[in-house]
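Visitor: Supplied in structure tokens, the structure appears directly below.
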Amino acid sequence: MILRKYVKTDFAELTELFYDTVHAVNAKDYTRKQLDAWATGKVNLEAWNKSFQAHHTVVAEMDGKIVGFGDMDVTGYLDRLYVHKDYQHRGVATAICDALEQNNKATELTTHASITARPFFEKRGYTVVREQQVERRGELLTNFVMRKERGK
């Protein structure tokens with residue numbers, strides 16, 4: 001696996017990976033309507049690109065293709081973490097998170113984890129601060145505000 005910094009030419013492929021991952025991996029925890037509201041297949045490419053460039057964004061490649069990505073802002077907020085459905089449970093998310101966390105100097109790390117991702121983050125030492133309902137295109141999605149203090 002190769003980890004590298006995001007480049008602008010990645011963003012279209014990352015948005016496709018995002019859509020495919022949400023609809024395949026998260027399908028066990030969310031309804032079809034919720035998945036469609038979460039990942040419509042139409043993202044604001046310019047906004048995502050700006051966000052990726054403003055954050056520390058890591059892209060993972062295996063077998064010559066992008067298999068995952070994640071990004072964290074300077075405050076320690078892990079915004080996105082997605083791994084291709086065919087590369088689950090192969091250490092991709094762990095490697096991306098390790099790189100993001102090691103690069104960040106914040107004393108506390110936070111994320112809004114999906115039902116699907118919650119166990120992964122708990123294994124990394126994150127704890128649930130609260131459960132919340134987030135509205136996306138008229139659908140409510142459950143996720144968890146999670147926090148990890150440095151050194152834990």
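Just remember, in the structure tokens the first chain shown is A, the second B, etc., residues are 1-based per chain, and ligands are 1-based in the order shown.
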Would you mind listing what lies within 7 Å of segment 57-74 of chain A as a list in words, with only C-alpha atoms counted and same-chain residues fewer than 2 positions away left out?
Guide: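 Near segment 57-74 of chain A, the qualifying residues are Met1, Ile2, Leu3, Arg4, Lys5, Tyr6, Phe52, His55, Gly76, Tyr77, Leu78, Asp79, Arg80, Leu81, Tyr82, Val83, His84, Tyr87, Val92, Ile96, Leu100 and Asn104 of chain A.
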Visitor: Would you write out, as a tab-separated table, a table of all residues in segment 36-108 of chain A that have an atom no more than 10 Å from an atom of segment 120-142 of chain A, listing for each the closest atom pair and the distance in Å to one decimal, considering only C-alpha atoms and ordering rows by chain and rising residue number?
Guide:
```
residue	atom	partner	partner_atom	distance
A:Asp36	CA	A:Arg137	CA	8.9
A:Ala37	CA	A:Arg137	CA	5.4
A:Trp38	CA	A:Arg136	CA	6.1
A:Ala39	CA	A:Arg136	CA	9.3
A:Thr40	CA	A:Arg137	CA	9.5
A:Ala93	CA	A:Phe120	CA	8.8
A:Thr94	CA	A:Arg124	CA	8.6
A:Cys97	CA	A:Arg124	CA	9.1
A:Asp98	CA	A:Arg124	CA	9.6
A:Glu108	CA	A:Tyr126	CA	10.0
```
Visitor: I need the residue nearest Glu13 of chain A from this list: A:Gly41, A:Asn26, A:His89, A:Thr116. Use only C-alpha atoms for the distance.
Guide: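 For Glu13 of chain A, the nearest of the given residues is A:Gly41.
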Visitor: Can you pull out every residue from chain A that DSSP, working from the backbone, puts in alpha helix (DSSP H), and format the result as a PyMOL selection string?
Guide: chain A and resi 11-25+32-38+45-54+92-103+118-123
Visitor: Output as an MDAnalysis selection string all residues of segment 9-63 of chain A that backbone DSSP marks as strand (DSSP E or B).
Guide: chainID A and resid 56:62
Visitor: Just checking: using only C-alpha atoms, which residue out of A:Thr75, A:Lys85, A:Phe144, A:Lys33 ends up closest to Phe18 of chain A?
Guide: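 Selected residue with least distance to Phe18 of chain A: A:Lys85.
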